[in-house]
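Engineer: Contents are CSV, N, CA and C atoms; file name entry.csv:
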```
chain,number,residue,atom,x,y,z
B,1,MET,N,0.8,-1.2,0.0
B,1,MET,CA,0.0,0.0,0.0
B,1,MET,C,0.9,1.2,0.0
B,2,GLU,N,0.6,2.2,-0.9
B,2,GLU,CA,1.4,3.4,-1.0
B,2,GLU,C,1.0,4.4,0.1
B,3,ASN,N,2.0,5.2,0.6
B,3,ASN,CA,1.6,6.2,1.5
B,3,ASN,C,1.5,7.5,0.7
B,4,LYS,N,1.1,8.6,1.4
B,4,LYS,CA,0.8,9.9,0.7
B,4,LYS,C,2.0,10.4,0.1
B,5,ASN,N,3.2,10.3,0.7
B,5,ASN,CA,4.4,10.8,0.1
B,5,ASN,C,4.8,10.2,-1.2
B,6,GLU,N,4.5,8.9,-1.3
B,6,GLU,CA,4.8,8.2,-2.6
B,6,GLU,C,3.9,8.6,-3.7
B,7,LYS,N,2.7,8.9,-3.4
B,7,LYS,CA,1.7,9.4,-4.4
B,7,LYS,C,2.2,10.8,-4.9
B,8,VAL,N,2.6,11.7,-4.0
B,8,VAL,CA,3.0,13.0,-4.3
B,8,VAL,C,4.2,13.0,-5.3
B,9,GLU,N,5.1,12.0,-5.1
B,9,GLU,CA,6.3,11.9,-5.9
B,9,GLU,C,6.0,11.6,-7.3
B,10,LYS,N,4.9,11.1,-7.7
B,10,LYS,CA,4.5,10.8,-9.0
B,10,LYS,C,4.2,12.1,-9.8
B,11,PHE,N,4.1,13.2,-9.1
B,11,PHE,CA,3.7,14.5,-9.7
B,11,PHE,C,4.8,15.5,-9.5
B,12,ILE,N,4.8,16.5,-10.2
B,12,ILE,CA,5.7,17.6,-10.0
B,12,ILE,C,5.0,18.9,-9.7
B,13,ARG,N,5.6,19.7,-8.9
B,13,ARG,CA,5.0,21.0,-8.6
B,13,ARG,C,5.2,22.0,-9.7
B,14,ILE,N,4.5,23.2,-9.6
B,14,ILE,CA,4.7,24.2,-10.6
B,14,ILE,C,6.1,24.7,-10.8
B,15,GLY,N,6.8,24.9,-9.7
B,15,GLY,CA,8.2,25.3,-9.8
B,15,GLY,C,9.1,24.4,-10.5
B,16,GLU,N,8.9,23.1,-10.3
B,16,GLU,CA,9.7,22.1,-11.0
B,16,GLU,C,9.3,22.0,-12.5
B,17,LEU,N,8.0,22.1,-12.7
B,17,LEU,CA,7.6,22.1,-14.2
B,17,LEU,C,8.2,23.3,-14.9
B,18,ALA,N,8.2,24.5,-14.2
B,18,ALA,CA,8.7,25.7,-14.8
B,18,ALA,C,10.2,25.5,-15.0
B,19,LYS,N,10.9,25.0,-14.1
B,19,LYS,CA,12.4,24.8,-14.2
B,19,LYS,C,12.7,23.9,-15.3
B,20,LYS,N,12.0,22.7,-15.4
B,20,LYS,CA,12.3,21.7,-16.4
B,20,LYS,C,12.0,22.3,-17.8
B,21,THR,N,11.1,23.2,-18.0
B,21,THR,CA,10.7,23.7,-19.3
B,21,THR,C,11.2,25.1,-19.6
B,22,ARG,N,12.0,25.6,-18.6
B,22,ARG,CA,12.7,27.0,-18.8
B,22,ARG,C,11.7,28.1,-19.0
B,23,VAL,N,10.6,28.0,-18.2
B,23,VAL,CA,9.6,29.1,-18.2
B,23,VAL,C,9.4,29.5,-16.7
B,24,THR,N,8.7,30.6,-16.5
B,24,THR,CA,8.4,31.0,-15.1
B,24,THR,C,7.1,30.3,-14.6
B,25,PRO,N,7.0,30.2,-13.3
B,25,PRO,CA,5.7,29.7,-12.8
B,25,PRO,C,4.5,30.6,-13.3
B,26,ARG,N,4.8,31.9,-13.4
B,26,ARG,CA,3.8,32.8,-13.9
B,26,ARG,C,3.3,32.4,-15.3
B,27,THR,N,4.3,32.0,-16.1
B,27,THR,CA,3.9,31.5,-17.5
B,27,THR,C,3.0,30.3,-17.4
B,28,ILE,N,3.4,29.4,-16.5
B,28,ILE,CA,2.6,28.2,-16.4
B,28,ILE,C,1.2,28.6,-16.0
B,29,LYS,N,1.0,29.5,-15.1
B,29,LYS,CA,-0.3,29.9,-14.6
B,29,LYS,C,-1.0,30.6,-15.8
B,30,HIS,N,-0.3,31.4,-16.6
B,30,HIS,CA,-0.9,32.0,-17.8
B,30,HIS,C,-1.4,30.9,-18.8
B,31,TYR,N,-0.7,29.9,-19.0
B,31,TYR,CA,-1.1,28.8,-19.8
B,31,TYR,C,-2.4,28.1,-19.3
B,32,GLU,N,-2.4,28.0,-18.0
B,32,GLU,CA,-3.6,27.5,-17.3
B,32,GLU,C,-4.8,28.4,-17.6
B,33,ASP,N,-4.6,29.7,-17.4
B,33,ASP,CA,-5.7,30.7,-17.6
B,33,ASP,C,-6.2,30.6,-19.0
B,34,LYS,N,-5.4,30.3,-20.0
B,34,LYS,CA,-5.8,30.3,-21.4
B,34,LYS,C,-6.3,28.9,-21.8
B,35,GLY,N,-6.4,28.0,-20.8
B,35,GLY,CA,-6.9,26.7,-21.1
B,35,GLY,C,-6.0,25.7,-21.8
B,36,LEU,N,-4.7,26.0,-21.8
B,36,LEU,CA,-3.7,25.1,-22.5
B,36,LEU,C,-3.2,24.0,-21.5
B,37,LEU,N,-3.3,24.3,-20.3
B,37,LEU,CA,-2.7,23.4,-19.3
B,37,LEU,C,-3.6,23.3,-18.0
B,38,LYS,N,-3.6,22.2,-17.4
B,38,LYS,CA,-4.4,22.0,-16.2
B,38,LYS,C,-3.7,21.2,-15.2
B,39,PRO,N,-3.5,21.6,-14.0
B,39,PRO,CA,-2.9,20.8,-13.0
B,39,PRO,C,-3.7,19.5,-12.8
B,40,PHE,N,-3.1,18.4,-12.5
B,40,PHE,CA,-3.8,17.2,-12.2
B,40,PHE,C,-4.6,17.4,-11.0
B,41,LYS,N,-4.1,18.0,-10.0
B,41,LYS,CA,-4.8,18.3,-8.7
B,41,LYS,C,-4.0,19.4,-8.0
B,42,LYS,N,-4.7,19.9,-6.9
B,42,LYS,CA,-4.0,20.8,-6.0
B,42,LYS,C,-4.0,20.1,-4.6
B,43,THR,N,-2.9,20.3,-3.9
B,43,THR,CA,-2.8,19.8,-2.6
B,43,THR,C,-3.7,20.6,-1.6
B,44,GLN,N,-3.8,20.1,-0.4
B,44,GLN,CA,-4.6,20.8,0.6
B,44,GLN,C,-3.9,22.2,0.9
B,45,GLY,N,-2.6,22.3,0.7
B,45,GLY,CA,-1.9,23.5,0.9
B,45,GLY,C,-2.0,24.4,-0.3
B,46,GLY,N,-2.7,24.0,-1.4
B,46,GLY,CA,-2.9,24.8,-2.6
B,46,GLY,C,-1.8,24.7,-3.6
B,47,PHE,N,-0.9,23.8,-3.4
B,47,PHE,CA,0.2,23.6,-4.4
B,47,PHE,C,-0.4,22.8,-5.6
B,48,ARG,N,-0.1,23.3,-6.8
B,48,ARG,CA,-0.5,22.7,-8.0
B,48,ARG,C,0.4,21.5,-8.3
B,49,LEU,N,-0.2,20.4,-8.7
B,49,LEU,CA,0.6,19.2,-9.0
B,49,LEU,C,0.3,18.8,-10.4
B,50,TYR,N,1.3,18.5,-11.2
B,50,TYR,CA,1.2,18.2,-12.6
B,50,TYR,C,1.8,16.8,-12.9
B,51,GLN,N,1.2,16.1,-13.9
B,51,GLN,CA,1.8,14.9,-14.3
B,51,GLN,C,3.0,15.2,-15.1
B,52,ASN,N,4.0,14.2,-15.0
B,52,ASN,CA,5.3,14.4,-15.7
B,52,ASN,C,5.1,14.7,-17.2
B,53,ASP,N,4.1,14.2,-17.8
B,53,ASP,CA,3.9,14.3,-19.3
B,53,ASP,C,3.6,15.8,-19.6
B,54,LYS,N,3.3,16.6,-18.7
B,54,LYS,CA,3.0,18.0,-18.9
B,54,LYS,C,4.3,18.8,-19.3
B,55,VAL,N,5.5,18.2,-19.0
B,55,VAL,CA,6.7,18.8,-19.4
B,55,VAL,C,6.8,18.9,-21.0
B,56,LYS,N,6.4,17.8,-21.6
B,56,LYS,CA,6.4,17.8,-23.1
B,56,LYS,C,5.4,18.8,-23.6
B,57,LEU,N,4.2,18.9,-23.0
B,57,LEU,CA,3.2,19.8,-23.4
B,57,LEU,C,3.7,21.2,-23.3
B,58,VAL,N,4.3,21.6,-22.2
B,58,VAL,CA,4.8,23.0,-22.1
B,58,VAL,C,5.9,23.3,-23.1
B,59,GLU,N,6.8,22.3,-23.3
B,59,GLU,CA,7.8,22.5,-24.3
B,59,GLU,C,7.2,22.7,-25.7
B,60,ARG,N,6.2,21.9,-26.0
B,60,ARG,CA,5.5,22.0,-27.3
B,60,ARG,C,4.9,23.4,-27.4
B,61,ILE,N,4.2,23.9,-26.4
B,61,ILE,CA,3.6,25.2,-26.4
B,61,ILE,C,4.7,26.3,-26.6
B,62,ARG,N,5.8,26.2,-25.9
B,62,ARG,CA,7.0,27.1,-26.1
B,62,ARG,C,7.5,27.1,-27.5
B,63,GLN,N,7.6,25.9,-28.1
B,63,GLN,CA,8.1,25.8,-29.4
B,63,GLN,C,7.1,26.4,-30.4
B,64,LEU,N,5.9,26.2,-30.3
B,64,LEU,CA,4.9,26.8,-31.2
B,64,LEU,C,4.8,28.3,-31.0
B,65,LYS,N,4.9,28.8,-29.7
B,65,LYS,CA,5.0,30.2,-29.5
B,65,LYS,C,6.2,30.9,-30.2
B,66,LYS,N,7.3,30.2,-30.0
B,66,LYS,CA,8.6,30.7,-30.6
B,66,LYS,C,8.5,30.7,-32.1
B,67,ALA,N,7.7,29.8,-32.7
B,67,ALA,CA,7.5,29.8,-34.1
B,67,ALA,C,6.5,30.8,-34.6
B,68,GLY,N,5.9,31.5,-33.7
B,68,GLY,CA,5.1,32.7,-34.1
B,68,GLY,C,3.6,32.4,-33.9
B,69,PHE,N,3.2,31.3,-33.3
B,69,PHE,CA,1.7,31.0,-33.2
B,69,PHE,C,1.2,31.7,-31.9
B,70,SER,N,0.0,32.2,-32.0
B,70,SER,CA,-0.7,32.7,-30.8
B,70,SER,C,-1.1,31.6,-29.9
B,71,LEU,N,-1.4,32.0,-28.7
B,71,LEU,CA,-1.9,30.9,-27.7
B,71,LEU,C,-3.2,30.4,-28.2
B,72,ARG,N,-4.1,31.2,-28.8
B,72,ARG,CA,-5.3,30.6,-29.3
B,72,ARG,C,-5.1,29.6,-30.4
B,73,GLU,N,-4.1,29.9,-31.3
B,73,GLU,CA,-3.8,28.9,-32.3
B,73,GLU,C,-3.2,27.6,-31.7
B,74,VAL,N,-2.3,27.8,-30.7
B,74,VAL,CA,-1.7,26.7,-30.0
B,74,VAL,C,-2.8,25.8,-29.4
B,75,LYS,N,-3.7,26.5,-28.7
B,75,LYS,CA,-4.8,25.7,-28.1
B,75,LYS,C,-5.6,24.9,-29.1
B,76,GLU,N,-5.9,25.5,-30.2
B,76,GLU,CA,-6.6,24.7,-31.2
B,76,GLU,C,-5.8,23.6,-31.8
B,77,MET,N,-4.5,23.8,-32.0
B,77,MET,CA,-3.6,22.7,-32.5
B,77,MET,C,-3.6,21.6,-31.4
B,78,GLU,N,-3.5,22.0,-30.2
B,78,GLU,CA,-3.4,20.9,-29.1
B,78,GLU,C,-4.7,20.2,-29.0
B,79,GLU,N,-5.8,20.8,-29.2
B,79,GLU,CA,-7.1,20.1,-29.2
B,79,GLU,C,-7.2,19.1,-30.3
B,80,ILE,N,-6.7,19.5,-31.5
B,80,ILE,CA,-6.6,18.5,-32.6
B,80,ILE,C,-5.6,17.4,-32.3
B,81,ASN,N,-4.5,17.8,-31.8
B,81,ASN,CA,-3.5,16.8,-31.4
B,81,ASN,C,-4.0,15.8,-30.4
B,82,GLY,N,-4.8,16.2,-29.5
B,82,GLY,CA,-5.4,15.3,-28.5
B,82,GLY,C,-6.4,14.3,-29.2
B,83,ILE,N,-7.1,14.7,-30.2
B,83,ILE,CA,-8.0,13.8,-30.9
B,83,ILE,C,-7.2,12.8,-31.6
B,84,VAL,N,-6.1,13.2,-32.3
B,84,VAL,CA,-5.3,12.3,-33.0
B,84,VAL,C,-4.6,11.3,-32.1
B,85,GLU,N,-4.0,11.8,-31.0
B,85,GLU,CA,-3.3,10.9,-30.1
B,85,GLU,C,-4.2,9.9,-29.4
B,86,GLU,N,-5.4,10.3,-29.1
B,86,GLU,CA,-6.3,9.4,-28.4
B,86,GLU,C,-7.2,8.6,-29.4
B,87,ASN,N,-7.0,8.9,-30.7
B,87,ASN,CA,-7.7,8.2,-31.7
B,87,ASN,C,-9.2,8.1,-31.4
B,88,ILE,N,-9.8,9.3,-31.2
B,88,ILE,CA,-11.2,9.4,-30.9
B,88,ILE,C,-12.0,10.0,-32.0
B,89,PHE,N,-11.8,9.5,-33.2
B,89,PHE,CA,-12.4,10.1,-34.4
B,89,PHE,C,-13.9,9.8,-34.5
B,90,GLU,N,-14.3,8.8,-33.8
B,90,GLU,CA,-15.8,8.5,-33.8
B,90,GLU,C,-16.6,9.6,-33.2
B,91,LYS,N,-15.9,10.4,-32.4
B,91,LYS,CA,-16.6,11.6,-31.7
B,91,LYS,C,-16.6,12.8,-32.6
B,92,VAL,N,-16.0,12.7,-33.8
B,92,VAL,CA,-15.8,13.9,-34.7
B,92,VAL,C,-16.5,13.6,-36.0
B,93,ASP,N,-17.4,14.4,-36.4
B,93,ASP,CA,-18.0,14.2,-37.7
B,93,ASP,C,-17.1,14.8,-38.9
B,94,ASP,N,-17.5,14.5,-40.1
B,94,ASP,CA,-16.7,14.9,-41.3
B,94,ASP,C,-16.6,16.4,-41.4
B,95,ASN,N,-17.7,17.1,-41.0
B,95,ASN,CA,-17.7,18.6,-41.0
B,95,ASN,C,-16.6,19.1,-40.1
B,96,GLU,N,-16.5,18.6,-38.9
B,96,GLU,CA,-15.4,19.0,-37.9
B,96,GLU,C,-14.1,18.6,-38.4
B,97,LEU,N,-13.9,17.4,-39.0
B,97,LEU,CA,-12.7,17.0,-39.6
B,97,LEU,C,-12.2,18.0,-40.7
B,98,ASN,N,-13.2,18.4,-41.5
B,98,ASN,CA,-12.8,19.4,-42.6
B,98,ASN,C,-12.4,20.7,-42.0
B,99,LYS,N,-13.0,21.1,-40.9
B,99,LYS,CA,-12.6,22.3,-40.2
B,99,LYS,C,-11.1,22.2,-39.7
B,100,MET,N,-10.8,21.0,-39.1
B,100,MET,CA,-9.5,20.8,-38.5
B,100,MET,C,-8.5,20.8,-39.7
B,101,ILE,N,-8.8,20.2,-40.8
B,101,ILE,CA,-7.9,20.1,-41.9
B,101,ILE,C,-7.6,21.5,-42.4
B,102,LYS,N,-8.7,22.3,-42.6
B,102,LYS,CA,-8.6,23.6,-43.1
B,102,LYS,C,-7.7,24.5,-42.2
B,103,PHE,N,-8.0,24.4,-40.9
B,103,PHE,CA,-7.2,25.2,-39.9
B,103,PHE,C,-5.7,24.8,-40.0
B,104,LEU,N,-5.4,23.5,-40.0
B,104,LEU,CA,-4.0,23.1,-40.0
B,104,LEU,C,-3.3,23.5,-41.3
B,105,GLN,N,-4.1,23.4,-42.4
B,105,GLN,CA,-3.5,23.9,-43.7
B,105,GLN,C,-3.2,25.3,-43.7
B,106,SER,N,-4.1,26.1,-43.1
B,106,SER,CA,-3.8,27.6,-42.9
B,106,SER,C,-2.6,27.8,-42.0
B,107,GLN,N,-2.4,27.0,-41.0
B,107,GLN,CA,-1.2,27.1,-40.1
B,107,GLN,C,0.0,26.7,-40.9
B,108,LEU,N,-0.1,25.7,-41.7
B,108,LEU,CA,1.1,25.3,-42.5
B,108,LEU,C,1.5,26.4,-43.5
B,109,ILE,N,0.5,27.1,-44.1
B,109,ILE,CA,0.8,28.2,-45.0
B,109,ILE,C,1.5,29.3,-44.2
B,110,LYS,N,1.0,29.7,-43.1
B,110,LYS,CA,1.6,30.7,-42.2
B,110,LYS,C,3.0,30.4,-41.9
B,111,THR,N,3.2,29.1,-41.5
B,111,THR,CA,4.6,28.6,-41.2
B,111,THR,C,5.5,28.8,-42.3
B,112,GLU,N,5.1,28.4,-43.5
B,112,GLU,CA,5.9,28.5,-44.7
B,112,GLU,C,6.2,30.0,-45.0
B,113,GLU,N,5.3,30.9,-44.8
B,113,GLU,CA,5.5,32.3,-45.0
B,113,GLU,C,6.5,32.8,-44.0
B,114,ARG,N,6.4,32.4,-42.8
B,114,ARG,CA,7.4,32.9,-41.7
B,114,ARG,C,8.8,32.4,-42.0
B,115,LEU,N,8.8,31.1,-42.5
B,115,LEU,CA,10.1,30.5,-42.8
B,115,LEU,C,10.7,31.2,-44.0
B,116,ASN,N,10.0,31.6,-45.0
B,116,ASN,CA,10.5,32.3,-46.1
B,116,ASN,C,11.1,33.7,-45.7
B,117,GLU,N,10.3,34.4,-44.8
B,117,GLU,CA,10.8,35.7,-44.3
B,117,GLU,C,12.1,35.5,-43.5
B,118,THR,N,12.1,34.5,-42.7
B,118,THR,CA,13.3,34.2,-41.9
B,118,THR,C,14.5,33.9,-42.8
B,119,ILE,N,14.3,33.2,-43.9
B,119,ILE,CA,15.4,32.9,-44.8
B,119,ILE,C,15.9,34.2,-45.4
B,120,LYS,N,15.0,35.1,-45.8
B,120,LYS,CA,15.4,36.4,-46.3
B,120,LYS,C,16.2,37.2,-45.3
B,121,VAL,N,15.8,37.2,-44.1
B,121,VAL,CA,16.5,37.9,-43.1
B,121,VAL,C,17.9,37.3,-42.9
B,122,LYS,N,18.0,36.0,-42.9
B,122,LYS,CA,19.3,35.3,-42.8
B,122,LYS,C,20.2,35.7,-43.9
B,123,LYS,N,19.7,35.7,-45.2
B,123,LYS,CA,20.5,36.1,-46.3
B,123,LYS,C,21.0,37.5,-46.2
B,124,GLY,N,20.1,38.4,-45.7
B,124,GLY,CA,20.5,39.8,-45.5
B,124,GLY,C,21.6,39.9,-44.5
B,125,LEU,N,21.5,39.2,-43.4
B,125,LEU,CA,22.6,39.2,-42.4
B,125,LEU,C,23.9,38.7,-42.9
B,126,GLU,N,23.8,37.6,-43.7
B,126,GLU,CA,25.0,37.0,-44.3
B,126,GLU,C,25.7,38.0,-45.2
B,127,LYS,N,24.9,38.8,-46.0
B,127,LYS,CA,25.5,39.8,-46.9
B,127,LYS,C,26.2,40.9,-46.1
B,128,ILE,N,25.6,41.3,-45.1
B,128,ILE,CA,26.2,42.4,-44.2
B,128,ILE,C,27.5,41.9,-43.6
B,129,ILE,N,27.5,40.7,-43.1
B,129,ILE,CA,28.7,40.1,-42.5
B,129,ILE,C,29.8,40.0,-43.5
B,130,GLU,N,29.5,39.5,-44.7
B,130,GLU,CA,30.5,39.4,-45.7
B,130,GLU,C,31.1,40.8,-46.1
B,131,PHE,N,30.2,41.8,-46.2
B,131,PHE,CA,30.6,43.2,-46.5
B,131,PHE,C,31.5,43.7,-45.4
B,132,LEU,N,31.1,43.5,-44.2
B,132,LEU,CA,32.0,44.0,-43.1
B,132,LEU,C,33.3,43.3,-43.0
B,133,LYS,N,33.4,42.0,-43.3
B,133,LYS,CA,34.6,41.2,-43.3
B,133,LYS,C,35.6,41.8,-44.4
B,134,LYS,N,35.0,42.3,-45.5
B,134,LYS,CA,35.8,42.9,-46.6
B,134,LYS,C,36.4,44.2,-46.2
B,135,GLN,N,35.7,44.9,-45.2
B,135,GLN,CA,36.2,46.2,-44.8
B,135,GLN,C,37.4,46.1,-43.8
B,136,LYS,N,37.6,45.0,-43.3
B,136,LYS,CA,38.8,44.8,-42.4
B,136,LYS,C,40.1,45.1,-43.0
B,137,ARG,N,41.0,45.7,-42.3
B,137,ARG,CA,42.3,46.1,-42.9
B,137,ARG,C,43.3,45.1,-42.7
B,138,THR,N,43.1,44.1,-41.9
B,138,THR,CA,44.1,43.1,-41.6
B,138,THR,C,43.7,41.7,-42.2
```
Show how you would write the structure in this file as structure tokens.
Structural biologist:
Amino acid sequence: MENKNEKVEKFIRIGELAKKTRVTPRTIKHYEDKGLLKPFKKTQGGFRLYQNDKVKLVERIRQLKKAGFSLREVKEMEEINGIVEENIFEKVDDNELNKMIKFLQSQLIKTEERLNETIKVKKGLEKIIEFLKKQKRT
């Protein structure tokens, strides 16, 4: 029989989740407020406890944010991802599937546009660096 301490060890607190994912506890709370993340439970003392798999979720949210997606877009992508991971397509009709496909296609187009802009910026920086290197006297 497990004691209470053993059960708590299966979860991580907000500070540990923040540290593992390189965000602040405030960011974790913000993700909660936006409906992207939910603690598994709270202790009697009010501490939030998260399952270890939330580390991957927070990292994925960070990655998508860094790629330029809004939290609203991230939330929608995570909802679709949940349906795919849990293989619960029987709960989704064709109309909803079409909406998901259309949304993801639009996100793909936005990603390609941002990537093309980033490549242009990279090429511009490379040209400036090469120009500056040629200006050196030694």
Engineer: Smallest atom-to-atom distance to Leu37 (chain B): which of B:Lys19, B:Lys134, B:Lys123, B:Lys54, using only C-alpha atoms?
Structural biologist: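 Under the stated criterion, the closest residue is B:Lys54.
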Engineer: Between CA of Thr21 (chain B) and CA of Glu59 (chain B), what is the spacing in Å?
Structural biologist: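 Result for CA of Glu59 (chain B) versus CA of Thr21 (chain B): 5.9 Å, one decimal.
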Engineer: When you draw a straight line from CA of Ile28 (chain B) to CA of Phe47 (chain B), how long is it in Å?
Structural biologist: 13.1 Å
Engineer: In terms of the shortest atom-to-atom distance over only C-alpha atoms, which of B:Gln51, B:Thr27, B:Asn95, B:Ser70 is closest to Lys110 (chain B)?
Structural biologist: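 Answer, going by the shortest atom-to-atom distance: B:Ser70.
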Engineer: Tell me which of B:Asp53, B:Lys34, B:Asn116, B:Lys127 sits closest to Arg72 (chain B), counting all atoms listed in the file.
Structural biologist: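 When distances to Arg72 (chain B) are compared using all atoms listed in the file, the smallest one comes from B:Lys34.
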Engineer: For Ile61 (chain B), please output as a PyMOL selection string all residues within 10 Å (counting only C-alpha atoms; exclusion window: fewer than 2 positions along the same chain).
Structural biologist: chain B and resi 31+36-37+55-59+63-67+69-71+74-75+77-78
Engineer: Please produce an output containing N, CA and C atoms for each residue in the selection, written as a CSV table (one decimal), in the frame of the given file.
Structural biologist:
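What ended up in out.csv:
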```csv
chain,number,residue,atom,x,y,z
B,31,TYR,N,-0.7,29.9,-19.0
B,31,TYR,CA,-1.1,28.8,-19.8
B,31,TYR,C,-2.4,28.1,-19.3
B,36,LEU,N,-4.7,26.0,-21.8
B,36,LEU,CA,-3.7,25.1,-22.5
B,36,LEU,C,-3.2,24.0,-21.5
B,37,LEU,N,-3.3,24.3,-20.3
B,37,LEU,CA,-2.7,23.4,-19.3
B,37,LEU,C,-3.6,23.3,-18.0
B,55,VAL,N,5.5,18.2,-19.0
B,55,VAL,CA,6.7,18.8,-19.4
B,55,VAL,C,6.8,18.9,-21.0
B,56,LYS,N,6.4,17.8,-21.6
B,56,LYS,CA,6.4,17.8,-23.1
B,56,LYS,C,5.4,18.8,-23.6
B,57,LEU,N,4.2,18.9,-23.0
B,57,LEU,CA,3.2,19.8,-23.4
B,57,LEU,C,3.7,21.2,-23.3
B,58,VAL,N,4.3,21.6,-22.2
B,58,VAL,CA,4.8,23.0,-22.1
B,58,VAL,C,5.9,23.3,-23.1
B,59,GLU,N,6.8,22.3,-23.3
B,59,GLU,CA,7.8,22.5,-24.3
B,59,GLU,C,7.2,22.7,-25.7
B,63,GLN,N,7.6,25.9,-28.1
B,63,GLN,CA,8.1,25.8,-29.4
B,63,GLN,C,7.1,26.4,-30.4
B,64,LEU,N,5.9,26.2,-30.3
B,64,LEU,CA,4.9,26.8,-31.2
B,64,LEU,C,4.8,28.3,-31.0
B,65,LYS,N,4.9,28.8,-29.7
B,65,LYS,CA,5.0,30.2,-29.5
B,65,LYS,C,6.2,30.9,-30.2
B,66,LYS,N,7.3,30.2,-30.0
B,66,LYS,CA,8.6,30.7,-30.6
B,66,LYS,C,8.5,30.7,-32.1
B,67,ALA,N,7.7,29.8,-32.7
B,67,ALA,CA,7.5,29.8,-34.1
B,67,ALA,C,6.5,30.8,-34.6
B,69,PHE,N,3.2,31.3,-33.3
B,69,PHE,CA,1.7,31.0,-33.2
B,69,PHE,C,1.2,31.7,-31.9
B,70,SER,N,0.0,32.2,-32.0
B,70,SER,CA,-0.7,32.7,-30.8
B,70,SER,C,-1.1,31.6,-29.9
B,71,LEU,N,-1.4,32.0,-28.7
B,71,LEU,CA,-1.9,30.9,-27.7
B,71,LEU,C,-3.2,30.4,-28.2
B,74,VAL,N,-2.3,27.8,-30.7
B,74,VAL,CA,-1.7,26.7,-30.0
B,74,VAL,C,-2.8,25.8,-29.4
B,75,LYS,N,-3.7,26.5,-28.7
B,75,LYS,CA,-4.8,25.7,-28.1
B,75,LYS,C,-5.6,24.9,-29.1
B,77,MET,N,-4.5,23.8,-32.0
B,77,MET,CA,-3.6,22.7,-32.5
B,77,MET,C,-3.6,21.6,-31.4
B,78,GLU,N,-3.5,22.0,-30.2
B,78,GLU,CA,-3.4,20.9,-29.1
B,78,GLU,C,-4.7,20.2,-29.0
```
Engineer: Find, counting only N, CA and C atoms, the residue in B:Arg48, B:Thr111, B:Glu79, B:Lys42 that gets nearest to Gly15 (chain B).
Structural biologist: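 Of the candidates, the smallest distance to Gly15 (chain B) is held by B:Arg48.
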Engineer: Going by DSSP on the backbone, which bits of region 21-131 of chain B are alpha helix (DSSP H)? Write them as a PyMOL selection string, please.
Structural biologist: chain B and resi 21+25-33+54-66+71-86+94-131
Engineer: Quick check for you: according to DSSP on this backbone, which residues of chain B are classed as strand (DSSP E or B)? Reply as an mmCIF file with N, CA and C atoms, in the coordinates of the input.
Structural biologist:
```
data_model
loop_
_atom_site.group_PDB
_atom_site.id
_atom_site.type_symbol
_atom_site.label_atom_id
_atom_site.label_comp_id
_atom_site.auth_asym_id
_atom_site.auth_seq_id
_atom_site.Cartn_x
_atom_site.Cartn_y
_atom_site.Cartn_z
ATOM 1 N N PHE B 11 4.100 13.200 -9.100
ATOM 2 C CA PHE B 11 3.700 14.500 -9.700
ATOM 3 C C PHE B 11 4.800 15.500 -9.500
ATOM 4 N N ILE B 12 4.800 16.500 -10.200
ATOM 5 C CA ILE B 12 5.700 17.600 -10.000
ATOM 6 C C ILE B 12 5.000 18.900 -9.700
ATOM 7 N N ARG B 13 5.600 19.700 -8.900
ATOM 8 C CA ARG B 13 5.000 21.000 -8.600
ATOM 9 C C ARG B 13 5.200 22.000 -9.700
ATOM 10 N N LYS B 41 -4.100 18.000 -10.000
ATOM 11 C CA LYS B 41 -4.800 18.300 -8.700
ATOM 12 C C LYS B 41 -4.000 19.400 -8.000
ATOM 13 N N LYS B 42 -4.700 19.900 -6.900
ATOM 14 C CA LYS B 42 -4.000 20.800 -6.000
ATOM 15 C C LYS B 42 -4.000 20.100 -4.600
ATOM 16 N N ARG B 48 -0.100 23.300 -6.800
ATOM 17 C CA ARG B 48 -0.500 22.700 -8.000
ATOM 18 C C ARG B 48 0.400 21.500 -8.300
ATOM 19 N N LEU B 49 -0.200 20.400 -8.700
ATOM 20 C CA LEU B 49 0.600 19.200 -9.000
ATOM 21 C C LEU B 49 0.300 18.800 -10.400
ATOM 22 N N TYR B 50 1.300 18.500 -11.200
ATOM 23 C CA TYR B 50 1.200 18.200 -12.600
ATOM 24 C C TYR B 50 1.800 16.800 -12.900
ATOM 25 N N GLN B 51 1.200 16.100 -13.900
ATOM 26 C CA GLN B 51 1.800 14.900 -14.300
ATOM 27 C C GLN B 51 3.000 15.200 -15.100
#
```
Engineer: Would you please work out which residue, of B:Gly45, B:Gly35, B:Tyr50, B:Gly68, is nearest to Ala18 (chain B) when using only C-alpha atoms?
Structural biologist: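 Closest residue, counting only C-alpha atoms: B:Tyr50.
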Engineer: Find the distance between atom N of Ile109 (chain B) and atom N of Val92 (chain B) and write it in Å to one decimal.
Structural biologist: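 Spanning atom N of Ile109 (chain B) to atom N of Val92 (chain B) is a straight-line distance of 24.2 Å.
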Engineer: Identify which of the residues B:Arg13, B:Lys91, B:Arg137, B:Lys102 lies closest to Pro39 (chain B), counting only C-alpha atoms when measuring atom-to-atom distances.
Structural biologist: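 Among B:Arg13, B:Lys91, B:Arg137, B:Lys102, it is B:Arg13 that comes nearest to Pro39 (chain B).
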Engineer: Please provide the set of residues having any atom within 8 Å of Asn52 (chain B), restricted to only C-alpha atoms, with same-chain residues fewer than 3 positions apart removed, written as a PyMOL selection string.
Structural biologist: chain B and resi 10-12+55
